[in-house]
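File shown: structure.cif (mmCIF, C-alpha atoms).
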```cif
data_model
#
loop_
_atom_site.label_atom_id
_atom_site.label_comp_id
_atom_site.auth_asym_id
_atom_site.auth_seq_id
_atom_site.Cartn_x
_atom_site.Cartn_y
_atom_site.Cartn_z
CA TRP A 1 46.65 161.91 85.90
CA ILE A 2 48.58 162.76 89.10
CA THR A 3 52.01 161.20 89.49
CA GLY A 4 54.81 162.31 91.77
CA GLN A 5 53.12 165.68 92.41
CA THR A 6 52.86 166.42 88.72
CA LEU A 7 49.59 166.73 86.82
CA GLN A 8 49.24 165.44 83.29
CA THR A 9 46.50 166.47 80.86
CA ASN A 10 45.87 164.99 77.40
CA PHE A 11 43.31 166.18 74.87
CA VAL A 12 42.80 164.99 71.29
CA HIS A 13 41.54 167.62 68.84
CA GLY A 14 39.22 166.72 66.00
CA HIS A 15 35.89 165.24 65.01
CA PHE A 16 36.09 161.94 63.15
CA SER A 17 33.30 160.41 61.10
CA ALA A 18 32.66 156.68 61.10
CA ASP A 19 34.64 156.38 57.87
CA GLU A 20 37.55 158.43 59.26
CA GLN A 21 37.69 156.15 62.30
CA THR A 22 38.93 153.34 60.05
CA ARG A 23 42.38 154.92 59.53
CA MET A 24 45.02 156.95 61.34
CA HIS A 25 45.24 160.76 61.23
CA ASP A 26 47.90 163.34 62.05
CA ASN A 27 45.65 165.17 64.50
CA ASP A 28 46.44 168.05 66.84
CA PHE A 29 46.59 167.30 70.56
CA ILE A 30 47.50 168.57 74.01
CA ALA A 31 49.85 166.43 76.10
CA THR A 32 51.65 168.15 78.94
CA GLY A 33 52.70 167.94 82.55
CA SER A 34 54.72 164.76 83.04
CA ASN A 35 58.36 165.82 82.81
CA LEU A 36 60.83 166.46 85.62
CA ARG A 37 60.48 170.23 85.18
CA ASP A 38 56.74 169.87 85.89
CA HIS A 39 57.37 168.36 89.32
CA GLN A 40 56.47 170.92 91.98
CA PRO A 41 56.77 169.57 95.55
CA ASP A 42 54.08 170.48 98.06
CA THR A 43 51.54 171.52 95.41
CA LEU A 44 49.26 168.51 95.96
CA GLN A 45 46.55 169.17 98.54
CA ILE A 46 44.31 166.44 99.97
CA ARG A 47 41.04 167.26 101.71
CA GLU A 48 39.24 164.48 103.57
CA GLU A 49 35.56 164.72 104.50
CA ALA A 50 33.15 162.24 106.01
CA ASP A 51 31.92 160.90 102.65
CA ARG A 52 34.54 162.01 100.13
CA VAL A 53 38.18 162.84 99.47
CA THR A 54 39.39 165.57 97.11
CA TRP A 55 42.87 165.73 95.61
CA SER A 56 43.73 169.21 94.25
CA ILE A 57 46.75 170.16 92.18
CA LYS A 58 47.48 173.00 89.74
CA GLY A 59 43.83 173.95 89.24
CA ARG A 60 42.44 170.45 88.87
CA ASP A 61 40.26 168.70 91.48
CA PHE A 62 39.82 164.92 91.71
CA THR A 63 36.93 164.06 94.05
CA GLY A 64 36.29 160.49 95.14
CA GLU A 65 32.91 159.48 96.54
CA PRO A 66 32.76 155.81 95.47
CA PRO A 67 31.12 154.58 93.35
CA ILE A 68 31.21 158.12 91.89
CA TRP A 69 34.25 160.24 91.04
CA ARG A 70 34.41 163.79 89.71
CA LEU A 71 37.05 165.61 87.67
CA SER A 72 36.79 169.40 87.65
CA GLY A 73 38.89 172.52 87.17
CA SER A 74 41.41 173.64 84.55
CA HIS A 75 44.92 172.65 83.50
CA ALA A 76 46.88 173.09 80.26
CA GLY A 77 43.97 174.99 78.72
CA VAL A 78 41.52 172.13 79.29
CA THR A 79 38.58 172.72 81.65
CA THR A 80 36.61 169.69 82.81
CA GLN A 81 33.37 169.06 84.65
CA LEU A 82 33.04 165.29 84.43
CA THR A 83 31.28 162.67 86.53
CA TYR A 84 32.44 159.05 86.50
CA LYS A 85 30.19 156.21 87.69
CA ALA A 86 31.47 152.71 88.35
CA LEU A 87 30.79 150.16 85.63
CA GLY A 88 30.98 146.92 87.58
CA PRO A 89 33.39 146.16 90.44
CA ALA A 90 36.92 147.52 90.70
CA LEU A 91 39.67 145.46 89.07
CA TRP A 92 42.32 145.01 91.77
CA CYS A 93 45.07 144.09 89.34
CA TRP A 94 47.87 145.57 91.48
CA GLY A 95 46.73 144.19 94.84
CA PRO A 96 45.56 145.78 98.14
CA PHE A 97 47.12 148.98 99.45
CA ALA A 98 48.21 147.24 102.66
CA ARG A 99 51.01 145.56 100.70
CA LEU A 100 52.75 148.91 100.06
CA SER A 101 54.45 148.73 103.47
CA ALA A 102 56.70 146.04 101.97
CA GLY A 103 57.32 148.03 98.76
CA GLY A 104 56.11 147.43 95.24
CA ARG A 105 52.70 148.36 93.89
CA ALA A 106 49.05 148.34 94.83
CA GLY A 107 45.80 149.58 93.37
CA TYR A 108 42.99 149.07 90.91
CA GLU A 109 41.41 150.07 87.63
CA GLN A 110 37.76 151.09 87.74
CA LEU A 111 35.87 151.06 84.44
CA CYS A 112 33.24 153.81 84.39
CA THR A 113 30.53 155.56 82.46
CA VAL A 114 31.15 159.31 82.04
CA GLU A 115 29.02 162.41 81.53
CA GLY A 116 29.77 166.12 81.68
CA THR A 117 31.61 168.79 79.72
CA VAL A 118 35.12 169.57 78.46
CA GLN A 119 36.09 173.11 77.38
CA VAL A 120 39.07 173.82 75.09
CA ASP A 121 39.86 176.93 73.00
CA GLY A 122 36.50 178.51 73.78
CA LYS A 123 34.54 175.42 72.68
CA THR A 124 32.44 173.27 74.98
CA TYR A 125 32.14 169.55 74.27
CA GLU A 126 29.28 167.73 75.99
CA ILE A 127 29.89 164.11 76.93
CA LYS A 128 26.82 161.85 77.03
CA ASN A 129 26.86 158.09 77.41
CA GLY A 130 30.64 158.18 77.48
CA TYR A 131 33.18 155.83 79.01
CA GLY A 132 36.29 156.35 81.08
CA VAL A 133 38.56 154.95 83.75
CA HIS A 134 39.23 155.89 87.34
CA GLU A 135 42.69 154.59 88.16
CA ARG A 136 44.18 154.41 91.65
CA HIS A 137 47.66 152.99 91.36
CA GLU A 138 50.36 153.61 93.96
CA ALA A 139 53.94 152.41 94.21
CA ALA A 140 56.67 152.39 96.85
CA TRP A 141 60.01 152.50 95.03
CA THR A 142 63.38 153.97 95.82
CA ASP A 143 64.41 154.14 92.14
CA THR A 144 61.83 154.72 89.43
CA GLY A 145 64.56 154.18 86.85
CA ASP A 146 64.33 150.47 87.54
CA TYR A 147 60.59 150.60 86.80
CA MET A 148 61.43 152.11 83.42
CA VAL A 149 63.62 149.12 82.64
CA ASP A 150 61.60 146.34 84.22
CA ASP A 151 58.24 147.30 82.76
CA ILE A 152 58.65 149.27 79.58
CA MET A 153 61.85 148.32 77.80
CA GLY A 154 61.84 146.47 74.50
CA ARG A 155 58.47 146.52 72.74
CA GLY A 156 57.07 148.49 75.65
CA LEU A 157 54.07 148.37 77.93
CA TYR A 158 50.62 148.06 76.31
CA TRP A 159 47.85 149.38 78.52
CA GLN A 160 44.40 149.15 76.93
CA PHE A 161 40.70 149.55 77.60
CA GLY A 162 37.65 148.65 75.52
CA PHE A 163 34.06 149.72 76.14
CA SER A 164 30.65 148.86 74.72
CA PRO A 165 27.12 148.18 76.02
CA GLU A 166 27.73 144.46 75.42
CA PHE A 167 31.03 144.08 77.30
CA SER A 168 34.10 146.03 78.38
CA TYR A 169 37.66 145.02 79.18
CA TYR A 170 41.08 146.01 80.49
CA ALA A 171 44.31 144.31 79.43
CA LEU A 172 47.98 144.91 80.18
CA THR A 173 50.76 143.23 78.21
CA ARG A 174 54.54 143.64 78.45
CA GLU A 175 57.72 141.70 77.74
CA ARG A 176 59.36 141.16 81.09
CA HIS A 177 56.53 140.75 83.60
CA PRO A 178 53.24 138.82 83.70
CA ASN A 179 50.35 140.00 81.57
CA PHE A 180 46.79 140.15 82.86
CA GLY A 181 43.33 141.00 81.60
CA TYR A 182 39.74 141.42 82.74
CA ALA A 183 36.44 141.34 80.85
CA VAL A 184 33.30 142.82 82.45
CA ILE A 185 29.90 141.54 81.28
CA ASP A 186 26.64 142.48 83.04
CA GLY A 187 28.59 143.47 86.15
CA GLU A 188 30.50 140.17 86.34
CA VAL A 189 34.31 140.07 86.05
CA TYR A 190 36.12 137.36 84.08
CA ALA A 191 39.85 137.53 84.84
CA SER A 192 42.97 136.06 83.28
CA THR A 193 46.29 136.28 85.11
CA ASP A 194 48.18 133.64 83.12
CA PRO A 195 50.75 135.66 81.10
CA LYS A 196 50.53 133.19 78.21
CA LYS A 197 46.76 133.66 78.00
CA VAL A 198 46.66 137.46 77.60
CA GLN A 199 48.28 138.76 74.42
CA THR A 200 48.26 141.82 72.15
CA GLU A 201 49.56 141.52 68.59
CA ASP A 202 50.59 144.46 66.39
CA VAL A 203 48.76 144.18 63.06
CA ALA A 204 49.71 147.34 61.10
CA PHE A 205 52.01 150.35 61.52
CA TRP A 206 51.96 154.09 60.84
CA ASP A 207 54.81 156.59 60.46
CA ASP A 208 54.06 159.51 62.77
CA PRO A 209 55.14 162.67 60.88
CA ARG A 210 55.46 164.71 64.09
CA THR A 211 57.73 162.37 66.02
CA GLY A 212 59.35 160.23 63.33
CA PHE A 213 58.34 157.08 65.18
CA HIS A 214 57.10 153.97 63.38
CA VAL A 215 54.19 153.02 65.63
CA PRO A 216 51.48 150.36 65.53
CA TYR A 217 47.93 151.54 64.94
CA LYS A 218 46.03 148.26 64.51
CA TRP A 219 45.97 145.48 67.09
CA HIS A 220 44.52 142.11 67.98
CA THR A 221 44.00 141.40 71.70
CA TRP A 222 42.78 138.14 73.17
CA MET A 223 42.56 136.64 76.63
CA GLN A 224 41.53 133.24 77.90
CA THR A 225 39.74 132.98 81.23
CA ASP A 226 38.31 130.00 83.08
CA ASP A 227 34.87 130.94 81.74
CA GLY A 228 35.64 131.77 78.13
CA ILE A 229 37.76 133.59 75.56
CA MET A 230 37.72 137.28 74.61
CA ASP A 231 38.89 138.28 71.14
CA VAL A 232 39.02 141.93 69.95
CA HIS A 233 40.38 143.70 66.85
CA TYR A 234 40.70 147.50 66.90
CA THR A 235 42.10 150.38 64.83
CA ALA A 236 43.44 153.75 65.99
CA TYR A 237 42.31 156.94 64.28
CA ALA A 238 43.86 159.66 66.50
CA ARG A 239 46.68 160.02 69.01
CA ALA A 240 48.35 162.14 71.64
CA CYS A 241 51.93 161.61 72.73
CA ASN A 242 54.72 163.07 74.81
CA VAL A 243 58.21 162.32 76.07
CA TRP A 244 58.64 161.58 79.75
CA VAL A 245 62.14 162.75 80.70
CA ARG A 246 63.48 160.64 83.58
CA PRO A 247 66.88 160.41 85.33
CA LYS A 248 67.97 157.26 83.43
CA GLY A 249 66.46 157.97 80.05
CA TYR A 250 63.28 158.79 78.19
CA CYS A 251 59.83 157.21 78.11
CA ILE A 252 57.79 157.69 74.95
CA TYR A 253 54.09 157.72 75.80
CA TYR A 254 51.42 157.28 73.13
CA TRP A 255 47.65 157.35 73.64
CA PHE A 256 45.52 156.13 70.74
CA LEU A 257 41.76 156.58 70.33
CA CYS A 258 40.39 153.49 68.58
CA ARG A 259 37.30 151.73 67.28
CA GLY A 260 37.02 147.98 67.43
CA SER A 261 34.87 144.90 67.41
CA GLY A 262 35.07 141.62 69.22
CA SER A 263 33.43 138.91 71.23
CA PHE A 264 33.49 136.94 74.44
CA ARG A 265 32.78 133.27 73.83
CA PHE A 266 31.74 131.39 76.96
CA ALA A 267 32.83 127.82 77.52
CA ASP A 268 29.19 126.70 77.31
CA GLY A 269 28.87 128.09 73.78
CA ARG A 270 27.18 131.42 74.52
CA VAL A 271 28.66 134.38 72.61
CA VAL A 272 28.54 138.07 73.55
CA GLN A 273 29.32 140.11 70.44
CA SER A 274 30.18 143.82 70.14
CA ASP A 275 30.55 145.41 66.70
CA ASN A 276 31.24 148.96 67.87
CA MET A 277 33.70 149.20 70.75
CA MET A 278 35.36 152.41 71.92
CA CYS A 279 38.98 151.59 72.77
CA LEU A 280 41.95 153.38 74.28
CA GLN A 281 45.44 152.01 73.64
CA ASN A 282 48.35 153.37 75.68
CA ILE A 283 51.89 152.37 74.69
CA ASP A 284 54.87 153.28 76.90
CA ARG A 285 58.42 152.57 75.76
CA THR A 286 61.80 153.36 77.34
CA PHE A 287 65.02 154.54 75.74
CA LEU A 288 67.93 154.58 78.20
CA ASN A 289 70.60 157.26 78.04
CA LEU A 290 74.18 156.16 77.36
CA ALA A 291 75.23 156.39 80.99
CA HIS A 292 72.83 153.57 81.94
CA ILE A 293 72.72 151.24 78.94
CA GLY A 294 75.61 149.16 80.29
CA ALA A 295 73.79 148.52 83.56
CA TYR A 296 71.00 146.63 81.80
CA PRO A 297 72.62 144.28 79.26
CA GLY A 298 70.31 142.70 76.72
CA ARG A 299 67.42 145.05 77.44
#
```

Could you write out this structure as structure tokens?
Amino acid sequence: WITGQTLQTNFVHGHFSADEQTRMHDNDFIATGSNLRDHQPDTLQIREEADRVTWSIKGRDFTGEPPIWRLSGSHAGVTTQLTYKALGPALWCWGPFARLSAGGRAGYEQLCTVEGTVQVDGKTYEIKNGYGVHERHEAAWTDTGDYMVDDIMGRGLYWQFGFSPEFSYYALTRERHPNFGYAVIDGEVYASTDPKKVQTEDVAFWDDPRTGFHVPYKWHTWMQTDDGIMDVHYTAYARACNVWVRPKGYCIYYWFLCRGSGSFRFADGRVVQSDNMMCLQNIDRTFLNLAHIGAYPGR
């Protein structure tokens, strides 16, 4: 993940059996690269060619040749050689890039299939029939501290993906801005942009012994589209987390690996069922420092 000329790498250690994927574990992980001290101006290099663009930073290369993207190189002790292939059309949840001239955000989430290798601590992990996300999200802000307050105060920002051969989805829920969600079935996208019709509910909690945080690890997500209703339950079994130190406070970032099951029920009665979904739940939450709490009453 490249943001503000910093490079972030996360890796979850461990092998979890089907039974172990029904409950949370205090696993080892790598999560580094997103703090202010990691920002190194002028380290990002962009190389444009006729049919591809490569972004290089701190030993990692991101190559875009849509509908294929590649992630290679090494950072934070994690070496990757991964190929991402588009799984359906891009989800332009943030709008076209042309809008950036007026400020705000633009970009998309691209659900993908993934194959390749990851090397950590002298071990090579081969990825076959995997899933992943290519994200291209840009913003034009003069004060990222306001983003911390507007998007991820309170309960926080829930950013989640689910994958299976039957259907996949992306959903974003938060307290202070509209929620949205997308289900992808056989290459077709079913979208919901009504904030009242995309919701994620915390079902059970876990006390993280490494951070002291009381965090959710089971969820229920549903969305209603014009064509039908998606309903998914999922449970985390492993996590990575870090603290994002920002000028106005701290963002706590959690990434949970999950297993789930769910369905998409069409308005005409058809049901697409998945009993073995691979899910990723990202939770971001802000804690302001004392110098800025007074500027955001009630938040």

Inset, instruction - Would you list the contacts of Leu172 of chain A as a ChimeraX atom specification, taking every protein, DNA or RNA residue within 6 Å and counting all atoms listed in the file, but skipping same-chain residues closer than 4 positions in sequence? - result: /A:158-159,179-180

If we draw a sphere of 7 Å around (55.8, 157.7, 76.3), which residues have at least one atom in it when counting all atoms listed in the file? Please report them as a tab-separated table (two decimals) with C-alpha atoms, in the coordinates of the input.
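The resulting file, out16.tsv, is shown below:
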```
chain	number	residue	atom	x	y	z
A	241	CYS	CA	51.93	161.61	72.73
A	242	ASN	CA	54.72	163.07	74.81
A	243	VAL	CA	58.21	162.32	76.07
A	244	TRP	CA	58.64	161.58	79.75
A	251	CYS	CA	59.83	157.21	78.11
A	252	ILE	CA	57.79	157.69	74.95
A	253	TYR	CA	54.09	157.72	75.80
A	254	TYR	CA	51.42	157.28	73.13
A	283	ILE	CA	51.89	152.37	74.69
A	284	ASP	CA	54.87	153.28	76.90
A	285	ARG	CA	58.42	152.57	75.76
```

Legend entry - From A:Lys196, A:Arg70, A:His233, A:Arg37, residue lying nearest Gly116 of chain A [all atoms listed in the file]: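 That would be A:Arg70, the residue with the smallest distance to Gly116 of chain A.
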
Legend entry - Contacts of segment 160-166 of chain A within 8 Å, only C-alpha atoms, excl. fewer than 2 positions in-chain, as JSON, numbers by chain: {"A": [131, 158, 168, 169, 170, 171, 172, 185, 186, 272, 273, 274, 276, 277, 278, 279, 280, 281, 282]}

Could the centre and edge lengths of an axis-aligned box, enclosing all atoms of segment 167-181 of chain A in the file with 3 Å extra on each side, be given in Å to one decimal as lines of an AutoDock Vina configuration file?
```
center_x = 45.2
center_y = 142.4
center_z = 80.5
size_x = 34.3
size_y = 13.2
size_z = 12.4
```

Inset, instruction - Quote the spacing between atom CA of Val203 of chain A and atom CA of Gly156 of chain A in Å to one decimal place. - result: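 These two atoms are separated by 15.7 Å.
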
Legend entry - Residues selected by the PyMOL selection byres ((chain A and resi 216-225) around 8), written as number ranges by chain: A: 24, 181, 190-192, 197-206, 214-215, 226-237, 256

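When the PyMOL selection byres ((chain A and resi 47) around 12) is evaluated against the file, it yields A:Leu44, A:Gln45, A:Ile46, A:Glu48, A:Glu49, A:Ala50, A:Asp51, A:Arg52, A:Val53, A:Thr54, A:Trp55, A:Ser56, A:Ile57, A:Asp61, A:Phe62, A:Thr63, A:Gly64.
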
Inset, instruction - Would you write out, as a ChimeraX atom specification, every residue that the PyMOL selection byres ((chain A and resi 25-28) around 12) captures in this file? - result: /A:10-17,19-24,29-31,206-212,217,235-241,256-258

Legend entry - Atom-to-atom span, atom CA of Arg246 of chain A and atom CA of Phe287 of chain A, Å: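 Between these atoms lies a distance of 10.1 Å.
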
Legend entry - Shortest interatomic distance to Ala106 of chain A - which of A:Leu7, A:Arg60, A:Leu82, A:Glu138, counting all atoms listed in the file: A:Glu138

Legend entry - Residue with smallest distance to Arg174 of chain A - pool A:Leu87, A:Ala267, A:Val189, A:Leu157, counting all atoms listed in the file: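 Answer, going by the shortest atom-to-atom distance: A:Leu157.
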
Inset, instruction - Figure out the distance between atom CA of Leu71 of chain A and atom CA of Glu188 of chain A, please, to one decimal in Å. - result: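 Separating atom CA of Glu188 of chain A from atom CA of Leu71 of chain A is a distance of 26.3 Å.
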
Legend entry - From A:Leu111, A:Val118, A:Ile127, A:Leu100, residue lying nearest Ala140 of chain A [only C-alpha atoms]: A:Leu100
